[in-house]
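So this block is work-v1.cif, mmCIF, N, CA and C atoms and all ligand atoms:
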```cif
data_final
#
loop_
_atom_site.label_atom_id
_atom_site.label_comp_id
_atom_site.auth_asym_id
_atom_site.auth_seq_id
_atom_site.Cartn_x
_atom_site.Cartn_y
_atom_site.Cartn_z
N MET P 1 315.54 247.50 235.85
CA MET P 1 315.75 248.85 235.30
C MET P 1 317.24 249.20 235.31
N SER P 2 317.70 249.70 234.20
CA SER P 2 319.12 250.05 234.10
C SER P 2 319.24 251.53 233.75
N ASP P 3 320.07 252.24 234.48
CA ASP P 3 320.20 253.69 234.30
C ASP P 3 320.72 254.08 232.93
N ASN P 4 321.57 253.23 232.37
CA ASN P 4 322.21 253.59 231.11
C ASN P 4 321.54 253.02 229.88
N CYS P 5 320.37 252.43 230.06
CA CYS P 5 319.71 251.73 228.96
C CYS P 5 318.67 252.62 228.29
N ILE P 6 318.83 252.81 226.99
CA ILE P 6 317.95 253.71 226.24
C ILE P 6 316.49 253.22 226.27
N PHE P 7 316.29 251.91 226.21
CA PHE P 7 314.91 251.41 226.21
C PHE P 7 314.28 251.48 227.60
N CYS P 8 315.06 251.33 228.66
CA CYS P 8 314.53 251.57 230.01
C CYS P 8 314.08 253.03 230.11
N LYS P 9 314.88 253.94 229.56
CA LYS P 9 314.53 255.37 229.60
C LYS P 9 313.26 255.64 228.79
N ILE P 10 313.11 254.98 227.66
CA ILE P 10 311.89 255.14 226.86
C ILE P 10 310.69 254.59 227.64
N ALA P 11 310.84 253.43 228.26
CA ALA P 11 309.72 252.82 229.00
C ALA P 11 309.32 253.69 230.19
N ARG P 12 310.29 254.39 230.77
CA ARG P 12 310.01 255.30 231.90
C ARG P 12 309.46 256.64 231.44
N GLY P 13 309.57 256.93 230.15
CA GLY P 13 309.15 258.23 229.63
C GLY P 13 310.22 259.29 229.73
N ASP P 14 311.44 258.90 230.12
CA ASP P 14 312.54 259.87 230.23
C ASP P 14 313.05 260.28 228.85
N ILE P 15 312.92 259.38 227.88
CA ILE P 15 313.20 259.70 226.48
C ILE P 15 311.87 259.56 225.74
N PRO P 16 311.49 260.58 224.97
CA PRO P 16 310.20 260.51 224.29
C PRO P 16 310.17 259.44 223.19
N SER P 17 309.01 258.88 223.00
CA SER P 17 308.82 257.92 221.90
C SER P 17 307.37 258.03 221.45
N ARG P 18 307.09 257.46 220.30
CA ARG P 18 305.70 257.38 219.83
C ARG P 18 305.10 256.08 220.35
N LYS P 19 304.38 256.20 221.45
CA LYS P 19 303.89 255.01 222.16
C LYS P 19 302.79 254.30 221.38
N VAL P 20 302.88 252.98 221.36
CA VAL P 20 301.86 252.13 220.75
C VAL P 20 301.00 251.47 221.82
N TYR P 21 301.63 251.13 222.94
CA TYR P 21 300.93 250.36 223.99
C TYR P 21 301.73 250.44 225.29
N GLU P 22 301.01 250.38 226.40
CA GLU P 22 301.67 250.27 227.71
C GLU P 22 300.77 249.56 228.69
N ASP P 23 301.34 248.65 229.47
CA ASP P 23 300.67 248.14 230.66
C ASP P 23 301.71 248.07 231.77
N ASP P 24 301.40 247.35 232.84
CA ASP P 24 302.33 247.35 233.98
C ASP P 24 303.64 246.65 233.67
N GLU P 25 303.64 245.75 232.69
CA GLU P 25 304.86 244.96 232.41
C GLU P 25 305.50 245.24 231.05
N LEU P 26 304.70 245.77 230.12
CA LEU P 26 305.18 245.88 228.74
C LEU P 26 305.02 247.30 228.21
N PHE P 27 305.82 247.62 227.19
CA PHE P 27 305.75 248.92 226.53
C PHE P 27 306.05 248.70 225.05
N ALA P 28 305.32 249.39 224.19
CA ALA P 28 305.56 249.29 222.75
C ALA P 28 305.60 250.69 222.16
N PHE P 29 306.50 250.88 221.19
CA PHE P 29 306.70 252.21 220.60
C PHE P 29 307.25 252.06 219.18
N HIS P 30 306.98 253.06 218.36
CA HIS P 30 307.43 253.01 216.97
C HIS P 30 308.95 253.12 216.90
N ASP P 31 309.54 252.31 216.02
CA ASP P 31 310.98 252.36 215.80
C ASP P 31 311.36 253.70 215.17
N ILE P 32 312.46 254.28 215.64
CA ILE P 32 312.89 255.60 215.16
C ILE P 32 313.39 255.52 213.71
N ASN P 33 313.77 254.35 213.27
CA ASN P 33 314.34 254.17 211.92
C ASN P 33 313.63 253.00 211.23
N PRO P 34 312.36 253.20 210.85
CA PRO P 34 311.55 252.06 210.39
C PRO P 34 312.05 251.47 209.08
N VAL P 35 311.91 250.16 208.96
CA VAL P 35 312.30 249.47 207.72
C VAL P 35 311.08 249.14 206.86
N ALA P 36 309.90 249.48 207.33
CA ALA P 36 308.66 249.22 206.61
C ALA P 36 307.65 250.27 207.09
N PRO P 37 306.50 250.40 206.39
CA PRO P 37 305.52 251.41 206.79
C PRO P 37 305.09 251.29 208.26
N VAL P 38 304.99 250.08 208.76
CA VAL P 38 304.73 249.88 210.20
C VAL P 38 305.91 249.13 210.79
N HIS P 39 306.51 249.71 211.80
CA HIS P 39 307.66 249.06 212.46
C HIS P 39 307.70 249.58 213.88
N PHE P 40 307.28 248.71 214.79
CA PHE P 40 307.35 249.12 216.20
C PHE P 40 308.02 248.04 217.03
N LEU P 41 308.40 248.41 218.23
CA LEU P 41 309.17 247.54 219.12
C LEU P 41 308.35 247.28 220.37
N LEU P 42 308.33 246.03 220.79
CA LEU P 42 307.63 245.63 222.02
C LEU P 42 308.69 245.18 223.02
N ILE P 43 308.70 245.80 224.19
CA ILE P 43 309.73 245.50 225.19
C ILE P 43 309.09 245.20 226.54
N PRO P 44 309.78 244.40 227.35
CA PRO P 44 309.37 244.30 228.75
C PRO P 44 309.90 245.53 229.51
N LYS P 45 309.17 246.00 230.50
CA LYS P 45 309.71 247.09 231.32
C LYS P 45 310.91 246.61 232.13
N LEU P 46 310.90 245.34 232.44
CA LEU P 46 312.05 244.72 233.11
C LEU P 46 313.28 244.80 232.20
N HIS P 47 314.40 245.23 232.75
CA HIS P 47 315.62 245.28 231.94
C HIS P 47 316.20 243.88 231.79
N LEU P 48 315.82 243.24 230.69
CA LEU P 48 316.35 241.93 230.34
C LEU P 48 317.20 242.16 229.09
N VAL P 49 318.47 241.79 229.16
CA VAL P 49 319.42 242.17 228.10
C VAL P 49 319.04 241.58 226.74
N SER P 50 318.74 240.30 226.74
CA SER P 50 318.38 239.65 225.48
C SER P 50 317.72 238.32 225.79
N LEU P 51 317.31 237.65 224.72
CA LEU P 51 316.71 236.32 224.89
C LEU P 51 317.71 235.34 225.53
N ALA P 52 318.99 235.61 225.33
CA ALA P 52 320.02 234.71 225.87
C ALA P 52 320.07 234.78 227.40
N GLU P 53 319.57 235.86 227.98
CA GLU P 53 319.55 236.01 229.44
C GLU P 53 318.22 235.55 230.05
N ALA P 54 317.26 235.18 229.22
CA ALA P 54 315.95 234.76 229.73
C ALA P 54 316.04 233.35 230.30
N ASP P 55 315.28 233.13 231.37
CA ASP P 55 315.21 231.78 231.94
C ASP P 55 313.75 231.46 232.26
N ASP P 56 313.52 230.37 232.97
CA ASP P 56 312.14 229.93 233.23
C ASP P 56 311.32 230.99 233.95
N SER P 57 311.99 231.84 234.73
CA SER P 57 311.26 232.87 235.48
C SER P 57 310.66 233.93 234.54
N HIS P 58 311.12 233.96 233.30
CA HIS P 58 310.62 234.95 232.34
C HIS P 58 309.60 234.36 231.37
N ALA P 59 309.26 233.09 231.57
CA ALA P 59 308.40 232.41 230.57
C ALA P 59 307.05 233.12 230.41
N ALA P 60 306.43 233.49 231.51
CA ALA P 60 305.11 234.12 231.41
C ALA P 60 305.21 235.48 230.71
N LEU P 61 306.26 236.22 231.03
CA LEU P 61 306.47 237.53 230.42
C LEU P 61 306.67 237.40 228.91
N LEU P 62 307.49 236.45 228.51
CA LEU P 62 307.75 236.24 227.08
C LEU P 62 306.48 235.78 226.37
N GLY P 63 305.71 234.92 227.04
CA GLY P 63 304.44 234.47 226.46
C GLY P 63 303.49 235.63 226.28
N LYS P 64 303.46 236.52 227.26
CA LYS P 64 302.59 237.70 227.18
C LYS P 64 302.99 238.58 226.00
N MET P 65 304.29 238.73 225.78
CA MET P 65 304.76 239.54 224.65
C MET P 65 304.31 238.92 223.32
N LEU P 66 304.46 237.63 223.20
CA LEU P 66 304.14 236.99 221.91
C LEU P 66 302.64 236.93 221.65
N THR P 67 301.84 236.87 222.69
CA THR P 67 300.38 236.86 222.45
C THR P 67 299.85 238.28 222.27
N LEU P 68 300.57 239.26 222.80
CA LEU P 68 300.15 240.65 222.58
C LEU P 68 300.50 241.12 221.16
N ALA P 69 301.61 240.62 220.63
CA ALA P 69 302.10 241.11 219.33
C ALA P 69 301.03 241.13 218.24
N PRO P 70 300.29 240.05 218.00
CA PRO P 70 299.29 240.10 216.92
C PRO P 70 298.16 241.08 217.18
N LYS P 71 297.83 241.29 218.44
CA LYS P 71 296.78 242.28 218.77
C LYS P 71 297.25 243.67 218.40
N LEU P 72 298.49 244.00 218.78
CA LEU P 72 299.01 245.34 218.47
C LEU P 72 299.21 245.49 216.97
N ALA P 73 299.66 244.42 216.31
CA ALA P 73 299.84 244.47 214.85
C ALA P 73 298.52 244.81 214.18
N LYS P 74 297.47 244.17 214.63
CA LYS P 74 296.15 244.41 214.04
C LYS P 74 295.71 245.85 214.30
N GLU P 75 295.94 246.32 215.52
CA GLU P 75 295.58 247.71 215.84
C GLU P 75 296.33 248.71 214.98
N GLN P 76 297.53 248.31 214.55
CA GLN P 76 298.34 249.20 213.70
C GLN P 76 298.02 249.01 212.22
N GLY P 77 296.99 248.22 211.94
CA GLY P 77 296.52 248.09 210.56
C GLY P 77 297.10 246.92 209.80
N LEU P 78 297.84 246.07 210.49
CA LEU P 78 298.49 244.94 209.80
C LEU P 78 297.54 243.75 209.76
N ASP P 79 296.49 243.87 208.95
CA ASP P 79 295.46 242.83 208.87
C ASP P 79 295.92 241.62 208.08
N ASN P 80 296.96 241.82 207.29
CA ASN P 80 297.37 240.80 206.33
C ASN P 80 298.60 240.03 206.79
N GLY P 81 299.01 240.26 208.03
CA GLY P 81 300.19 239.58 208.54
C GLY P 81 301.32 240.55 208.85
N PHE P 82 302.31 240.03 209.49
CA PHE P 82 303.43 240.86 209.95
C PHE P 82 304.61 239.96 210.22
N ARG P 83 305.77 240.58 210.38
CA ARG P 83 306.99 239.85 210.75
C ARG P 83 307.40 240.21 212.16
N THR P 84 307.79 239.21 212.93
CA THR P 84 308.39 239.46 214.24
C THR P 84 309.86 239.07 214.17
N VAL P 85 310.70 239.93 214.73
CA VAL P 85 312.15 239.67 214.73
C VAL P 85 312.68 239.94 216.13
N ILE P 86 313.47 239.02 216.64
CA ILE P 86 314.19 239.24 217.90
C ILE P 86 315.67 238.99 217.62
N ASN P 87 316.44 240.06 217.58
CA ASN P 87 317.89 239.92 217.41
C ASN P 87 318.51 239.66 218.78
N THR P 88 319.39 238.68 218.83
CA THR P 88 319.98 238.29 220.12
C THR P 88 321.49 238.31 220.06
N GLY P 89 322.08 239.23 220.83
CA GLY P 89 323.54 239.32 220.92
C GLY P 89 324.16 239.93 219.68
N LYS P 90 325.43 240.25 219.80
CA LYS P 90 326.15 240.87 218.67
C LYS P 90 326.09 239.98 217.44
N GLY P 91 326.20 238.69 217.64
CA GLY P 91 326.15 237.74 216.52
C GLY P 91 324.80 237.68 215.84
N GLY P 92 323.78 238.14 216.56
CA GLY P 92 322.43 238.16 215.99
C GLY P 92 322.03 239.54 215.49
N GLY P 93 323.00 240.46 215.49
CA GLY P 93 322.72 241.81 214.98
C GLY P 93 322.03 242.72 215.99
N GLN P 94 322.02 242.34 217.26
CA GLN P 94 321.37 243.19 218.28
C GLN P 94 322.23 244.43 218.53
N GLU P 95 321.56 245.59 218.55
CA GLU P 95 322.27 246.86 218.78
C GLU P 95 321.88 247.51 220.09
N VAL P 96 320.65 247.29 220.52
CA VAL P 96 320.20 247.82 221.81
C VAL P 96 320.00 246.63 222.75
N PHE P 97 320.75 246.64 223.86
CA PHE P 97 320.80 245.46 224.71
C PHE P 97 319.78 245.51 225.83
N HIS P 98 318.53 245.60 225.38
CA HIS P 98 317.33 245.44 226.21
C HIS P 98 316.37 244.69 225.30
N LEU P 99 316.00 243.49 225.70
CA LEU P 99 315.18 242.61 224.86
C LEU P 99 314.03 243.35 224.19
N HIS P 100 313.89 243.15 222.88
CA HIS P 100 312.77 243.76 222.16
C HIS P 100 312.36 242.89 220.99
N VAL P 101 311.07 242.91 220.73
CA VAL P 101 310.52 242.24 219.55
C VAL P 101 310.21 243.32 218.52
N HIS P 102 310.81 243.19 217.33
CA HIS P 102 310.41 244.06 216.22
C HIS P 102 309.12 243.51 215.63
N ILE P 103 308.17 244.39 215.38
CA ILE P 103 306.94 244.00 214.69
C ILE P 103 306.85 244.88 213.44
N ILE P 104 306.90 244.23 212.30
CA ILE P 104 307.16 244.90 211.02
C ILE P 104 306.12 244.47 210.00
N GLY P 105 305.62 245.42 209.22
CA GLY P 105 304.71 245.04 208.15
C GLY P 105 304.21 246.24 207.38
N GLY P 106 303.28 245.96 206.49
CA GLY P 106 302.63 247.03 205.74
C GLY P 106 303.30 247.34 204.43
N GLY P 107 304.39 246.69 204.14
CA GLY P 107 305.06 246.93 202.87
C GLY P 107 305.31 245.63 202.15
N ASN P 108 306.29 245.67 201.30
CA ASN P 108 306.66 244.46 200.59
C ASN P 108 307.75 243.75 201.39
N ILE P 109 307.33 242.77 202.18
CA ILE P 109 308.28 242.08 203.06
C ILE P 109 308.85 240.87 202.30
N PRO P 110 310.14 240.90 202.02
CA PRO P 110 310.71 239.77 201.28
C PRO P 110 310.89 238.56 202.19
N PRO P 111 311.04 237.37 201.61
CA PRO P 111 311.33 236.21 202.45
C PRO P 111 312.59 236.47 203.27
N MET P 112 312.63 235.97 204.49
CA MET P 112 313.80 236.16 205.36
C MET P 112 315.04 235.49 204.77
N VAL P 113 314.83 234.28 204.29
CA VAL P 113 315.97 233.50 203.81
C VAL P 113 315.67 233.11 202.37
N LYS P 114 316.59 233.46 201.49
CA LYS P 114 316.40 233.11 200.08
C LYS P 114 317.30 231.92 199.75
N ARG P 115 316.70 230.89 199.24
CA ARG P 115 317.49 229.73 198.81
C ARG P 115 317.47 229.67 197.29
N SER P 116 318.63 229.38 196.72
CA SER P 116 318.66 229.33 195.25
C SER P 116 318.60 227.89 194.78
P1 LIG P 201 318.28 245.82 217.28
O1 LIG P 201 319.27 245.96 216.15
O2 LIG P 201 318.93 245.97 218.62
O3 LIG P 201 317.42 244.58 217.18
O4 LIG P 201 317.24 246.99 217.07
C1 LIG P 201 317.30 248.20 217.75
C2 LIG P 201 316.24 249.09 217.13
O5 LIG P 201 316.02 250.19 217.99
C3 LIG P 201 316.62 249.66 215.77
O6 LIG P 201 315.65 249.28 214.80
C4 LIG P 201 316.65 251.18 216.00
O7 LIG P 201 316.16 251.90 214.91
C5 LIG P 201 315.78 251.33 217.24
N1 LIG P 201 316.14 252.47 218.08
C6 LIG P 201 317.39 252.77 218.54
N2 LIG P 201 317.35 253.86 219.32
C7 LIG P 201 316.05 254.27 219.35
C8 LIG P 201 315.38 255.36 219.99
O8 LIG P 201 315.97 256.20 220.68
N3 LIG P 201 314.04 255.46 219.79
C9 LIG P 201 313.35 254.57 219.03
N4 LIG P 201 312.04 254.76 218.90
N5 LIG P 201 313.95 253.51 218.42
C10 LIG P 201 315.28 253.38 218.57
ZN ZN P 202 316.81 248.42 229.72
#
```
Entire entry expressed as structure tokens:
Amino acid sequence: MSDNCIFCKIARGDIPSRKVYEDDELFAFHDINPVAPVHFLLIPKLHLVSLAEADDSHAALLGKMLTLAPKLAKEQGLDNGFRTVINTGKGGGQEVFHLHVHIIGGGNIPPMVKRS
């Protein structure tokens, strides 16, 4: 837990969010600036800065996040598939430095990489 981290504050309920899911280790909430009709974030309650800081001790936690994602996506109506995105570090476009998985869908999702 980090005092200055916005996602730690959201997981604690100190900053309000539109909650999607919560258990003892994980928290999910709708993104404040969605890029698609459904766009929510899944985070560990543990303050882990990014995937670059994860090690073997986090393997079970990361596995739990990835197996939970499709269940939450389905609950949010994404029956036809969804995109998961994890931005890592400044070079990966990460803006909030508490590990999070974006779960996005419900609209016209273009291919991630376009090759000509
Ligand atoms: P990143 O670029 O770090 O992968 O994504 C950070 C995401 O967090 C962005 O999509 C942004 O809209 C979202 N975000 C930033 N601050 C808040 C907030 O206070 N509440 C919510 N619900 N989402 C936030
Ligand atoms: Zn945090």
Go through the chains and note each residue within 10 Å of ligand ZN 202 (chain P), using only C-alpha atoms and all ligand atoms, then give the set as a VMD selection string.
chain P and resid 1 to 12 43 to 50 96 to 100
Print the selection's residues with N, CA and C atoms to a file, as a short mmCIF file (atom, residue, chain, number, x, y, z; two decimals), keeping the file's coordinate frame.
```cif
data_model
loop_
_atom_site.label_atom_id
_atom_site.label_comp_id
_atom_site.auth_asym_id
_atom_site.auth_seq_id
_atom_site.Cartn_x
_atom_site.Cartn_y
_atom_site.Cartn_z
N MET P 1 315.54 247.50 235.85
CA MET P 1 315.75 248.85 235.30
C MET P 1 317.24 249.20 235.31
N SER P 2 317.70 249.70 234.20
CA SER P 2 319.12 250.05 234.10
C SER P 2 319.24 251.53 233.75
N ASP P 3 320.07 252.24 234.48
CA ASP P 3 320.20 253.69 234.30
C ASP P 3 320.72 254.08 232.93
N ASN P 4 321.57 253.23 232.37
CA ASN P 4 322.21 253.59 231.11
C ASN P 4 321.54 253.02 229.88
N CYS P 5 320.37 252.43 230.06
CA CYS P 5 319.71 251.73 228.96
C CYS P 5 318.67 252.62 228.29
N ILE P 6 318.83 252.81 226.99
CA ILE P 6 317.95 253.71 226.24
C ILE P 6 316.49 253.22 226.27
N PHE P 7 316.29 251.91 226.21
CA PHE P 7 314.91 251.41 226.21
C PHE P 7 314.28 251.48 227.60
N CYS P 8 315.06 251.33 228.66
CA CYS P 8 314.53 251.57 230.01
C CYS P 8 314.08 253.03 230.11
N LYS P 9 314.88 253.94 229.56
CA LYS P 9 314.53 255.37 229.60
C LYS P 9 313.26 255.64 228.79
N ILE P 10 313.11 254.98 227.66
CA ILE P 10 311.89 255.14 226.86
C ILE P 10 310.69 254.59 227.64
N ALA P 11 310.84 253.43 228.26
CA ALA P 11 309.72 252.82 229.00
C ALA P 11 309.32 253.69 230.19
N ARG P 12 310.29 254.39 230.77
CA ARG P 12 310.01 255.30 231.90
C ARG P 12 309.46 256.64 231.44
N ILE P 43 308.70 245.80 224.19
CA ILE P 43 309.73 245.50 225.19
C ILE P 43 309.09 245.20 226.54
N PRO P 44 309.78 244.40 227.35
CA PRO P 44 309.37 244.30 228.75
C PRO P 44 309.90 245.53 229.51
N LYS P 45 309.17 246.00 230.50
CA LYS P 45 309.71 247.09 231.32
C LYS P 45 310.91 246.61 232.13
N LEU P 46 310.90 245.34 232.44
CA LEU P 46 312.05 244.72 233.11
C LEU P 46 313.28 244.80 232.20
N HIS P 47 314.40 245.23 232.75
CA HIS P 47 315.62 245.28 231.94
C HIS P 47 316.20 243.88 231.79
N LEU P 48 315.82 243.24 230.69
CA LEU P 48 316.35 241.93 230.34
C LEU P 48 317.20 242.16 229.09
N VAL P 49 318.47 241.79 229.16
CA VAL P 49 319.42 242.17 228.10
C VAL P 49 319.04 241.58 226.74
N SER P 50 318.74 240.30 226.74
CA SER P 50 318.38 239.65 225.48
C SER P 50 317.72 238.32 225.79
N VAL P 96 320.65 247.29 220.52
CA VAL P 96 320.20 247.82 221.81
C VAL P 96 320.00 246.63 222.75
N PHE P 97 320.75 246.64 223.86
CA PHE P 97 320.80 245.46 224.71
C PHE P 97 319.78 245.51 225.83
N HIS P 98 318.53 245.60 225.38
CA HIS P 98 317.33 245.44 226.21
C HIS P 98 316.37 244.69 225.30
N LEU P 99 316.00 243.49 225.70
CA LEU P 99 315.18 242.61 224.86
C LEU P 99 314.03 243.35 224.19
N HIS P 100 313.89 243.15 222.88
CA HIS P 100 312.77 243.76 222.16
C HIS P 100 312.36 242.89 220.99
#
```
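Here atom CA of His58 of chain P and atom N2 of ligand LIG 201 (chain P) stand 23.9 Å from one another.
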Go ahead and compute the interatomic distance for atom C of Ile109 of chain P and atom CA of Val85 of chain P, in Å to one decimal.
12.9 Å
Selection as a PyMOL selection string: residues within 5 Å of ligand LIG 201 (chain P) by all atoms listed in the file
chain P and resi 30-33+87+93-96
Would you return as a compact mmCIF listing (two decimals) with N, CA and C atoms, in the frame of the given file the members of segment 15-116 of chain P that DSSP assigns to strand (DSSP E) on this structure's backbone?
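Writing the result to part-v5.txt gives the following:
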```txt
# COMPACT_ATOMS: atom_id res chain seq x y z
N LYS P 19 304.38 256.20 221.45
CA LYS P 19 303.89 255.01 222.16
C LYS P 19 302.79 254.30 221.38
N VAL P 20 302.88 252.98 221.36
CA VAL P 20 301.86 252.13 220.75
C VAL P 20 301.00 251.47 221.82
N TYR P 21 301.63 251.13 222.94
CA TYR P 21 300.93 250.36 223.99
C TYR P 21 301.73 250.44 225.29
N GLU P 22 301.01 250.38 226.40
CA GLU P 22 301.67 250.27 227.71
C GLU P 22 300.77 249.56 228.69
N LEU P 26 304.70 245.77 230.12
CA LEU P 26 305.18 245.88 228.74
C LEU P 26 305.02 247.30 228.21
N PHE P 27 305.82 247.62 227.19
CA PHE P 27 305.75 248.92 226.53
C PHE P 27 306.05 248.70 225.05
N ALA P 28 305.32 249.39 224.19
CA ALA P 28 305.56 249.29 222.75
C ALA P 28 305.60 250.69 222.16
N PHE P 29 306.50 250.88 221.19
CA PHE P 29 306.70 252.21 220.60
C PHE P 29 307.25 252.06 219.18
N HIS P 30 306.98 253.06 218.36
CA HIS P 30 307.43 253.01 216.97
C HIS P 30 308.95 253.12 216.90
N VAL P 38 304.99 250.08 208.76
CA VAL P 38 304.73 249.88 210.20
C VAL P 38 305.91 249.13 210.79
N HIS P 39 306.51 249.71 211.80
CA HIS P 39 307.66 249.06 212.46
C HIS P 39 307.70 249.58 213.88
N PHE P 40 307.28 248.71 214.79
CA PHE P 40 307.35 249.12 216.20
C PHE P 40 308.02 248.04 217.03
N LEU P 41 308.40 248.41 218.23
CA LEU P 41 309.17 247.54 219.12
C LEU P 41 308.35 247.28 220.37
N LEU P 42 308.33 246.03 220.79
CA LEU P 42 307.63 245.63 222.02
C LEU P 42 308.69 245.18 223.02
N ILE P 43 308.70 245.80 224.19
CA ILE P 43 309.73 245.50 225.19
C ILE P 43 309.09 245.20 226.54
N PRO P 44 309.78 244.40 227.35
CA PRO P 44 309.37 244.30 228.75
C PRO P 44 309.90 245.53 229.51
N ARG P 83 305.77 240.58 210.38
CA ARG P 83 306.99 239.85 210.75
C ARG P 83 307.40 240.21 212.16
N THR P 84 307.79 239.21 212.93
CA THR P 84 308.39 239.46 214.24
C THR P 84 309.86 239.07 214.17
N VAL P 85 310.70 239.93 214.73
CA VAL P 85 312.15 239.67 214.73
C VAL P 85 312.68 239.94 216.13
N VAL P 101 311.07 242.91 220.73
CA VAL P 101 310.52 242.24 219.55
C VAL P 101 310.21 243.32 218.52
N HIS P 102 310.81 243.19 217.33
CA HIS P 102 310.41 244.06 216.22
C HIS P 102 309.12 243.51 215.63
N ILE P 103 308.17 244.39 215.38
CA ILE P 103 306.94 244.00 214.69
C ILE P 103 306.85 244.88 213.44
N ILE P 104 306.90 244.23 212.30
CA ILE P 104 307.16 244.90 211.02
C ILE P 104 306.12 244.47 210.00
N GLY P 105 305.62 245.42 209.22
CA GLY P 105 304.71 245.04 208.15
C GLY P 105 304.21 246.24 207.38
```
Work out how far atom C of Leu41 of chain P is from atom CA of His102 of chain P, in Å to one decimal.
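It comes out at 5.6 Å.
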Report, as JSON, the axis-aligned box around all atoms of segment 79-95 of chain P present in the file, extended by 6 Å on each side; give centre and edge lengths in Å to one decimal place.
```
{"center_x": 310.8, "center_y": 242.6, "center_z": 213.6, "size_x": 42.7, "size_y": 21.8, "size_z": 26.6}
```
Using only N, CA and C atoms, can you tell me which of P:Ala28, P:Val35, P:Ile86, P:Val20 comes closest to Gly105 of chain P?
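Checking each candidate against Gly105 of chain P, we get P:Val35 as the closest.
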Have a look at P:Met112, P:Leu26, P:Val38, P:Ala52 and name the one nearest to Thr67 of chain P; count only C-alpha atoms.
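Under the stated criterion, the closest residue is P:Leu26.
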With all atoms listed in the file as the basis for distance, which of P:Leu42, P:Leu66, P:Asn80, P:Gly13 is at the shortest distance from Phe29 of chain P?
P:Leu42
Where atoms are lacking, segment 80-92 of chain P completed to N, CA, C and O atoms, as a PDB file, keeping the file's coordinate frame:
```
ATOM      1  N   ASN P  80     296.960 241.820 207.290  1.00  0.00           N
ATOM      2  CA  ASN P  80     297.370 240.800 206.330  1.00  0.00           C
ATOM      3  C   ASN P  80     298.600 240.030 206.790  1.00  0.00           C
ATOM      4  O   ASN P  80     299.201 239.292 206.023  1.00  0.00           O
ATOM      5  N   GLY P  81     299.010 240.260 208.030  1.00  0.00           N
ATOM      6  CA  GLY P  81     300.190 239.580 208.540  1.00  0.00           C
ATOM      7  C   GLY P  81     301.320 240.550 208.850  1.00  0.00           C
ATOM      8  O   GLY P  81     301.260 241.737 208.512  1.00  0.00           O
ATOM      9  N   PHE P  82     302.310 240.030 209.490  1.00  0.00           N
ATOM     10  CA  PHE P  82     303.430 240.860 209.950  1.00  0.00           C
ATOM     11  C   PHE P  82     304.610 239.960 210.220  1.00  0.00           C
ATOM     12  O   PHE P  82     304.479 238.735 210.296  1.00  0.00           O
ATOM     13  N   ARG P  83     305.770 240.580 210.380  1.00  0.00           N
ATOM     14  CA  ARG P  83     306.990 239.850 210.750  1.00  0.00           C
ATOM     15  C   ARG P  83     307.400 240.210 212.160  1.00  0.00           C
ATOM     16  O   ARG P  83     307.376 241.399 212.528  1.00  0.00           O
ATOM     17  N   THR P  84     307.790 239.210 212.930  1.00  0.00           N
ATOM     18  CA  THR P  84     308.390 239.460 214.240  1.00  0.00           C
ATOM     19  C   THR P  84     309.860 239.070 214.170  1.00  0.00           C
ATOM     20  O   THR P  84     310.193 238.028 213.599  1.00  0.00           O
ATOM     21  N   VAL P  85     310.700 239.930 214.730  1.00  0.00           N
ATOM     22  CA  VAL P  85     312.150 239.670 214.730  1.00  0.00           C
ATOM     23  C   VAL P  85     312.680 239.940 216.130  1.00  0.00           C
ATOM     24  O   VAL P  85     312.363 240.982 216.734  1.00  0.00           O
ATOM     25  N   ILE P  86     313.470 239.020 216.640  1.00  0.00           N
ATOM     26  CA  ILE P  86     314.190 239.240 217.900  1.00  0.00           C
ATOM     27  C   ILE P  86     315.670 238.990 217.620  1.00  0.00           C
ATOM     28  O   ILE P  86     316.090 237.848 217.420  1.00  0.00           O
ATOM     29  N   ASN P  87     316.440 240.060 217.580  1.00  0.00           N
ATOM     30  CA  ASN P  87     317.890 239.920 217.410  1.00  0.00           C
ATOM     31  C   ASN P  87     318.510 239.660 218.780  1.00  0.00           C
ATOM     32  O   ASN P  87     318.198 240.357 219.747  1.00  0.00           O
ATOM     33  N   THR P  88     319.390 238.680 218.830  1.00  0.00           N
ATOM     34  CA  THR P  88     319.980 238.290 220.120  1.00  0.00           C
ATOM     35  C   THR P  88     321.490 238.310 220.060  1.00  0.00           C
ATOM     36  O   THR P  88     322.098 237.532 219.301  1.00  0.00           O
ATOM     37  N   GLY P  89     322.080 239.230 220.830  1.00  0.00           N
ATOM     38  CA  GLY P  89     323.540 239.320 220.920  1.00  0.00           C
ATOM     39  C   GLY P  89     324.160 239.930 219.680  1.00  0.00           C
ATOM     40  O   GLY P  89     323.497 240.123 218.652  1.00  0.00           O
ATOM     41  N   LYS P  90     325.430 240.250 219.800  1.00  0.00           N
ATOM     42  CA  LYS P  90     326.150 240.870 218.670  1.00  0.00           C
ATOM     43  C   LYS P  90     326.090 239.980 217.440  1.00  0.00           C
ATOM     44  O   LYS P  90     325.906 240.465 216.315  1.00  0.00           O
ATOM     45  N   GLY P  91     326.200 238.690 217.640  1.00  0.00           N
ATOM     46  CA  GLY P  91     326.150 237.740 216.520  1.00  0.00           C
ATOM     47  C   GLY P  91     324.800 237.680 215.840  1.00  0.00           C
ATOM     48  O   GLY P  91     324.684 237.226 214.708  1.00  0.00           O
ATOM     49  N   GLY P  92     323.780 238.140 216.560  1.00  0.00           N
ATOM     50  CA  GLY P  92     322.430 238.160 215.990  1.00  0.00           C
ATOM     51  C   GLY P  92     322.030 239.540 215.490  1.00  0.00           C
ATOM     52  O   GLY P  92     320.861 239.762 215.159  1.00  0.00           O
TER      53      GLY P  92
END
```
